[in-house]
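Undergrad: So that you have it, the file is input_2.tsv, and it contains TSV, N, CA and C atoms:
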chain	number	residue	atom	x	y	z
D	1	MET	N	129.08	44.18	118.52
D	1	MET	CA	128.63	45.53	118.23
D	1	MET	C	129.78	46.37	117.67
D	2	ASN	N	129.43	47.28	116.83
D	2	ASN	CA	130.38	48.23	116.27
D	2	ASN	C	130.70	49.26	117.34
D	3	THR	N	131.96	49.49	117.59
D	3	THR	CA	132.33	50.41	118.67
D	3	THR	C	132.10	51.87	118.32
D	4	HIS	N	131.84	52.16	117.04
D	4	HIS	CA	131.65	53.55	116.63
D	4	HIS	C	130.25	54.07	116.90
D	5	ASN	N	129.23	53.24	116.65
D	5	ASN	CA	127.87	53.77	116.80
D	5	ASN	C	126.88	52.73	117.33
D	6	ASP	N	127.36	51.63	117.87
D	6	ASP	CA	126.53	50.57	118.44
D	6	ASP	C	125.56	49.96	117.43
D	7	THR	N	125.87	50.01	116.15
D	7	THR	CA	125.09	49.35	115.11
D	7	THR	C	125.64	47.94	114.94
D	8	PRO	N	124.77	46.93	114.90
D	8	PRO	CA	125.28	45.56	114.71
D	8	PRO	C	126.09	45.45	113.43
D	9	LEU	N	127.13	44.63	113.47
D	9	LEU	CA	127.94	44.41	112.28
D	9	LEU	C	127.19	43.59	111.24
D	10	PHE	N	126.27	42.73	111.67
D	10	PHE	CA	125.49	41.90	110.77
D	10	PHE	C	124.05	42.33	110.85
D	11	ASP	N	123.39	42.40	109.72
D	11	ASP	CA	122.00	42.84	109.67
D	11	ASP	C	121.10	41.63	109.89
D	12	LEU	N	120.83	41.31	111.16
D	12	LEU	CA	120.01	40.16	111.51
D	12	LEU	C	118.72	40.62	112.16
D	13	ASN	N	117.66	39.83	111.98
D	13	ASN	CA	116.41	40.15	112.64
D	13	ASN	C	116.35	39.47	114.01
D	14	ALA	N	115.22	39.55	114.69
D	14	ALA	CA	115.08	39.00	116.03
D	14	ALA	C	115.29	37.48	116.07
D	15	TRP	N	115.12	36.79	114.95
D	15	TRP	CA	115.28	35.34	114.90
D	15	TRP	C	116.71	34.95	114.53
D	16	GLY	N	117.58	35.91	114.34
D	16	GLY	CA	118.95	35.60	113.96
D	16	GLY	C	119.11	35.32	112.48
D	17	LEU	N	118.09	35.63	111.70
D	17	LEU	CA	118.14	35.43	110.25
D	17	LEU	C	118.44	36.74	109.56
D	18	ALA	N	119.01	36.64	108.36
D	18	ALA	CA	119.29	37.85	107.58
D	18	ALA	C	117.99	38.58	107.27
D	19	ARG	N	118.00	39.88	107.39
D	19	ARG	CA	116.82	40.68	107.04
D	19	ARG	C	116.56	40.55	105.55
D	20	MET	N	115.28	40.61	105.19
D	20	MET	CA	114.89	40.47	103.79
D	20	MET	C	113.97	41.62	103.40
D	21	MET	N	113.95	41.91	102.11
D	21	MET	CA	113.04	42.93	101.59
D	21	MET	C	112.28	42.33	100.43
D	22	ASP	N	111.09	42.86	100.19
D	22	ASP	CA	110.32	42.37	99.04
D	22	ASP	C	110.70	43.17	97.80
D	23	ILE	N	110.12	42.83	96.68
D	23	ILE	CA	110.51	43.45	95.41
D	23	ILE	C	110.17	44.94	95.37
D	24	HIS	N	109.10	45.33	96.04
D	24	HIS	CA	108.73	46.75	96.08
D	24	HIS	C	109.73	47.55	96.91
D	25	GLU	N	110.16	46.98	98.03
D	25	GLU	CA	111.17	47.65	98.86
D	25	GLU	C	112.49	47.76	98.11
D	26	LEU	N	112.87	46.69	97.41
D	26	LEU	CA	114.12	46.72	96.63
D	26	LEU	C	114.06	47.78	95.55
D	27	ALA	N	112.96	47.82	94.81
D	27	ALA	CA	112.82	48.81	93.74
D	27	ALA	C	112.88	50.23	94.32
D	28	ALA	N	112.21	50.46	95.44
D	28	ALA	CA	112.24	51.79	96.06
D	28	ALA	C	113.65	52.14	96.52
D	29	TYR	N	114.33	51.18	97.13
D	29	TYR	CA	115.71	51.41	97.60
D	29	TYR	C	116.63	51.79	96.45
D	30	LEU	N	116.48	51.09	95.32
D	30	LEU	CA	117.34	51.34	94.16
D	30	LEU	C	116.86	52.50	93.30
D	31	GLY	N	115.63	52.96	93.53
D	31	GLY	CA	115.09	54.07	92.75
D	31	GLY	C	114.74	53.68	91.33
D	32	VAL	N	114.29	52.44	91.15
D	32	VAL	CA	113.92	51.95	89.83
D	32	VAL	C	112.50	51.39	89.90
D	33	PRO	N	111.81	51.28	88.77
D	33	PRO	CA	110.48	50.67	88.78
D	33	PRO	C	110.55	49.17	89.12
D	34	VAL	N	109.49	48.66	89.70
D	34	VAL	CA	109.41	47.22	90.00
D	34	VAL	C	109.62	46.41	88.72
D	35	SER	N	109.09	46.91	87.61
D	35	SER	CA	109.24	46.19	86.34
D	35	SER	C	110.71	46.03	85.95
D	36	THR	N	111.54	46.97	86.33
D	36	THR	CA	112.97	46.86	86.03
D	36	THR	C	113.59	45.72	86.82
D	37	VAL	N	113.21	45.58	88.07
D	37	VAL	CA	113.74	44.47	88.89
D	37	VAL	C	113.30	43.14	88.29
D	38	TYR	N	112.05	43.03	87.88
D	38	TYR	CA	111.58	41.80	87.22
D	38	TYR	C	112.37	41.54	85.93
D	39	ASP	N	112.63	42.59	85.17
D	39	ASP	CA	113.39	42.46	83.93
D	39	ASP	C	114.81	41.96	84.21
D	40	TRP	N	115.44	42.54	85.23
D	40	TRP	CA	116.79	42.08	85.61
D	40	TRP	C	116.77	40.60	85.94
D	41	ARG	N	115.76	40.17	86.69
D	41	ARG	CA	115.67	38.75	87.07
D	41	ARG	C	115.50	37.87	85.84
D	42	THR	N	114.69	38.31	84.88
D	42	THR	CA	114.47	37.54	83.66
D	42	THR	C	115.79	37.33	82.91
D	43	HIS	N	116.66	38.33	82.96
D	43	HIS	CA	117.93	38.28	82.24
D	43	HIS	C	119.12	37.90	83.13
D	44	GLY	N	118.85	37.48	84.37
D	44	GLY	CA	119.92	37.05	85.27
D	44	GLY	C	120.85	38.15	85.71
D	45	LYS	N	120.35	39.38	85.78
D	45	LYS	CA	121.21	40.52	86.10
D	45	LYS	C	121.01	41.10	87.50
D	46	GLY	N	119.92	40.78	88.15
D	46	GLY	CA	119.62	41.38	89.45
D	46	GLY	C	120.21	40.61	90.60
D	47	PRO	N	119.96	41.08	91.82
D	47	PRO	CA	120.45	40.37	93.00
D	47	PRO	C	119.74	39.03	93.17
D	48	THR	N	120.38	38.13	93.85
D	48	THR	CA	119.81	36.82	94.14
D	48	THR	C	118.55	36.99	94.97
D	49	ALA	N	117.55	36.17	94.66
D	49	ALA	CA	116.28	36.24	95.39
D	49	ALA	C	115.90	34.87	95.91
D	50	TYR	N	115.03	34.88	96.89
D	50	TYR	CA	114.41	33.67	97.42
D	50	TYR	C	112.95	33.72	97.03
D	51	ARG	N	112.40	32.58	96.62
D	51	ARG	CA	110.99	32.52	96.27
D	51	ARG	C	110.26	31.72	97.33
D	52	PHE	N	109.22	32.33	97.87
D	52	PHE	CA	108.34	31.68	98.83
D	52	PHE	C	106.95	31.70	98.21
D	53	GLY	N	106.59	30.61	97.55
D	53	GLY	CA	105.33	30.59	96.80
D	53	GLY	C	105.44	31.58	95.66
D	54	LYS	N	104.53	32.55	95.64
D	54	LYS	CA	104.57	33.56	94.58
D	54	LYS	C	105.34	34.82	94.99
D	55	HIS	N	105.91	34.81	96.18
D	55	HIS	CA	106.59	35.99	96.71
D	55	HIS	C	108.10	35.89	96.56
D	56	LEU	N	108.71	36.98	96.10
D	56	LEU	CA	110.16	37.08	96.03
D	56	LEU	C	110.66	37.89	97.21
D	57	LYS	N	111.73	37.42	97.82
D	57	LYS	CA	112.37	38.14	98.92
D	57	LYS	C	113.85	38.22	98.63
D	58	PHE	N	114.45	39.33	99.01
D	58	PHE	CA	115.87	39.59	98.78
D	58	PHE	C	116.56	39.81	100.12
D	59	ALA	N	117.59	39.02	100.42
D	59	ALA	CA	118.35	39.21	101.65
D	59	ALA	C	119.13	40.52	101.52
D	60	VAL	N	119.08	41.33	102.55
D	60	VAL	CA	119.76	42.63	102.53
D	60	VAL	C	121.25	42.44	102.24
D	61	ASP	N	121.86	41.42	102.81
D	61	ASP	CA	123.29	41.18	102.57
D	61	ASP	C	123.56	40.86	101.09
D	62	ASP	N	122.66	40.11	100.46
D	62	ASP	CA	122.81	39.80	99.03
D	62	ASP	C	122.66	41.06	98.18
D	63	VAL	N	121.73	41.92	98.57
D	63	VAL	CA	121.53	43.18	97.85
D	63	VAL	C	122.78	44.04	97.98
D	64	ARG	N	123.32	44.14	99.17
D	64	ARG	CA	124.54	44.94	99.38
D	64	ARG	C	125.69	44.41	98.51
D	65	ALA	N	125.85	43.09	98.48
D	65	ALA	CA	126.92	42.50	97.67
D	65	ALA	C	126.70	42.79	96.19
D	66	TRP	N	125.45	42.66	95.72
D	66	TRP	CA	125.14	42.91	94.32
D	66	TRP	C	125.40	44.38	93.97
D	67	VAL	N	124.98	45.28	94.85
D	67	VAL	CA	125.20	46.71	94.62
D	67	VAL	C	126.70	46.99	94.50
D	68	ALA	N	127.50	46.39	95.36
D	68	ALA	CA	128.96	46.60	95.31
D	68	ALA	C	129.54	46.11	93.98
D	69	GLU	N	128.98	45.03	93.44
D	69	GLU	CA	129.45	44.50	92.15
D	69	GLU	C	129.12	45.44	90.99
D	70	GLN	N	128.15	46.31	91.16
D	70	GLN	CA	127.72	47.20	90.08
D	70	GLN	C	128.61	48.44	89.96
D	71	ARG	N	129.46	48.64	90.93
D	71	ARG	CA	130.32	49.84	90.93
D	71	ARG	C	131.26	49.79	89.74
D	72	GLU	N	131.29	50.89	89.02
D	72	GLU	CA	132.19	51.01	87.89
D	72	GLU	C	133.50	51.63	88.36
D	73	PRO	N	134.61	51.23	87.76
D	73	PRO	CA	135.88	51.85	88.12
D	73	PRO	C	135.86	53.35	87.79
D	74	SER	N	136.58	54.12	88.53
D	74	SER	CA	136.62	55.56	88.26
D	74	SER	C	137.27	55.80	86.90
D	75	GLY	N	136.90	56.90	86.28
D	75	GLY	CA	137.46	57.25	84.98
D	75	GLY	C	136.65	56.74	83.82
D	76	ARG	N	135.50	56.15	84.10
D	76	ARG	CA	134.65	55.66	83.00
D	76	ARG	C	133.48	56.55	82.81
Let me see the structure of the file written as structure tokens.

TA:
Amino acid sequence: MNTHNDTPLFDLNAWGLARMMDIHELAAYLGVPVSTVYDWRTHGKGPTAYRFGKHLKFAVDDVRAWVAEQREPSGR
């Protein structure tokens, strides 16, 4: 546990697996249309996804890592 606010250091669900979000949750989190997320995937630009049949799921940790990679250096 984090000593500052008792929030777990790892974002795990009750089964000990990384939490996942669907494409609609990801689009809402990023503030972009779902079609943009699909477009990013088509061009290899979005976060890594898992496919379960016809459903795409995104691990929260993968999304966090991808978001961090999108940061532009200051002064641009």

Undergrad: Could you write out, as number ranges by chain, all the residues of chain D that DSSP marks as alpha helix (DSSP H)?

TA: D: 23-30, 34-42, 60-69

Undergrad: Neighbouring residues of stretch 54-64 of chain D were defined as those with any atom within 6 Å, considering all atoms listed in the file; residues of the same chain fewer than 4 positions away were excluded. Please report them as JSON, numbers by chain.

TA: {"D": [18, 19, 20, 21, 22, 23, 47, 48, 49, 50, 68]}

Undergrad: For atom CA of D:Leu26 and atom CA of D:Arg41, determine how far apart the two atoms are, in Å to one decimal place.

TA: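 Result for atom CA of D:Leu26 versus atom CA of D:Arg41: 12.5 Å, one decimal.
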
Undergrad: For atom N of D:Ala14 and atom C of D:Ala27, determine how far apart the two atoms are, in Å to one decimal place.

TA: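 Atom N of D:Ala14 sits 23.1 Å away from atom C of D:Ala27.
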
Undergrad: Give the strand (DSSP E or B) residues of chain D, as DSSP finds them on the backbone, and put them as JSON, numbers by chain.

TA: {"D": [12, 18, 20, 21, 22, 50, 51, 52, 55, 56, 57, 58, 59]}

Undergrad: I need the chosen residues saved as a PDB file, in the frame of the given file, with N, CA and C atoms.

TA:
ATOM      1  N   LEU D  12     120.830  41.310 111.160  1.00  0.00           N
ATOM      2  CA  LEU D  12     120.010  40.160 111.510  1.00  0.00           C
ATOM      3  C   LEU D  12     118.720  40.620 112.160  1.00  0.00           C
ATOM      4  N   ALA D  18     119.010  36.640 108.360  1.00  0.00           N
ATOM      5  CA  ALA D  18     119.290  37.850 107.580  1.00  0.00           C
ATOM      6  C   ALA D  18     117.990  38.580 107.270  1.00  0.00           C
ATOM      7  N   MET D  20     115.280  40.610 105.190  1.00  0.00           N
ATOM      8  CA  MET D  20     114.890  40.470 103.790  1.00  0.00           C
ATOM      9  C   MET D  20     113.970  41.620 103.400  1.00  0.00           C
ATOM     10  N   MET D  21     113.950  41.910 102.110  1.00  0.00           N
ATOM     11  CA  MET D  21     113.040  42.930 101.590  1.00  0.00           C
ATOM     12  C   MET D  21     112.280  42.330 100.430  1.00  0.00           C
ATOM     13  N   ASP D  22     111.090  42.860 100.190  1.00  0.00           N
ATOM     14  CA  ASP D  22     110.320  42.370  99.040  1.00  0.00           C
ATOM     15  C   ASP D  22     110.700  43.170  97.800  1.00  0.00           C
ATOM     16  N   TYR D  50     115.030  34.880  96.890  1.00  0.00           N
ATOM     17  CA  TYR D  50     114.410  33.670  97.420  1.00  0.00           C
ATOM     18  C   TYR D  50     112.950  33.720  97.030  1.00  0.00           C
ATOM     19  N   ARG D  51     112.400  32.580  96.620  1.00  0.00           N
ATOM     20  CA  ARG D  51     110.990  32.520  96.270  1.00  0.00           C
ATOM     21  C   ARG D  51     110.260  31.720  97.330  1.00  0.00           C
ATOM     22  N   PHE D  52     109.220  32.330  97.870  1.00  0.00           N
ATOM     23  CA  PHE D  52     108.340  31.680  98.830  1.00  0.00           C
ATOM     24  C   PHE D  52     106.950  31.700  98.210  1.00  0.00           C
ATOM     25  N   HIS D  55     105.910  34.810  96.180  1.00  0.00           N
ATOM     26  CA  HIS D  55     106.590  35.990  96.710  1.00  0.00           C
ATOM     27  C   HIS D  55     108.100  35.890  96.560  1.00  0.00           C
ATOM     28  N   LEU D  56     108.710  36.980  96.100  1.00  0.00           N
ATOM     29  CA  LEU D  56     110.160  37.080  96.030  1.00  0.00           C
ATOM     30  C   LEU D  56     110.660  37.890  97.210  1.00  0.00           C
ATOM     31  N   LYS D  57     111.730  37.420  97.820  1.00  0.00           N
ATOM     32  CA  LYS D  57     112.370  38.140  98.920  1.00  0.00           C
ATOM     33  C   LYS D  57     113.850  38.220  98.630  1.00  0.00           C
ATOM     34  N   PHE D  58     114.450  39.330  99.010  1.00  0.00           N
ATOM     35  CA  PHE D  58     115.870  39.590  98.780  1.00  0.00           C
ATOM     36  C   PHE D  58     116.560  39.810 100.120  1.00  0.00           C
ATOM     37  N   ALA D  59     117.590  39.020 100.420  1.00  0.00           N
ATOM     38  CA  ALA D  59     118.350  39.210 101.650  1.00  0.00           C
ATOM     39  C   ALA D  59     119.130  40.520 101.520  1.00  0.00           C
TER      40      ALA D  59
END

Undergrad: Just give me the gap between atom CA of D:Trp66 and atom CA of D:Trp15 in Å, one decimal is fine.

TA: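 Separation between atom CA of D:Trp66 and atom CA of D:Trp15: 24.0 Å.
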
Undergrad: Which centre and which edge lengths, in Å to one decimal, describe the axis-aligned box that holds all listed atoms of stretch 20-38 of chain D after 8 Å is added on each side, as JSON?

TA:
{"center_x": 113.0, "center_y": 47.3, "center_z": 95.6, "size_x": 24.6, "size_y": 29.6, "size_z": 35.3}
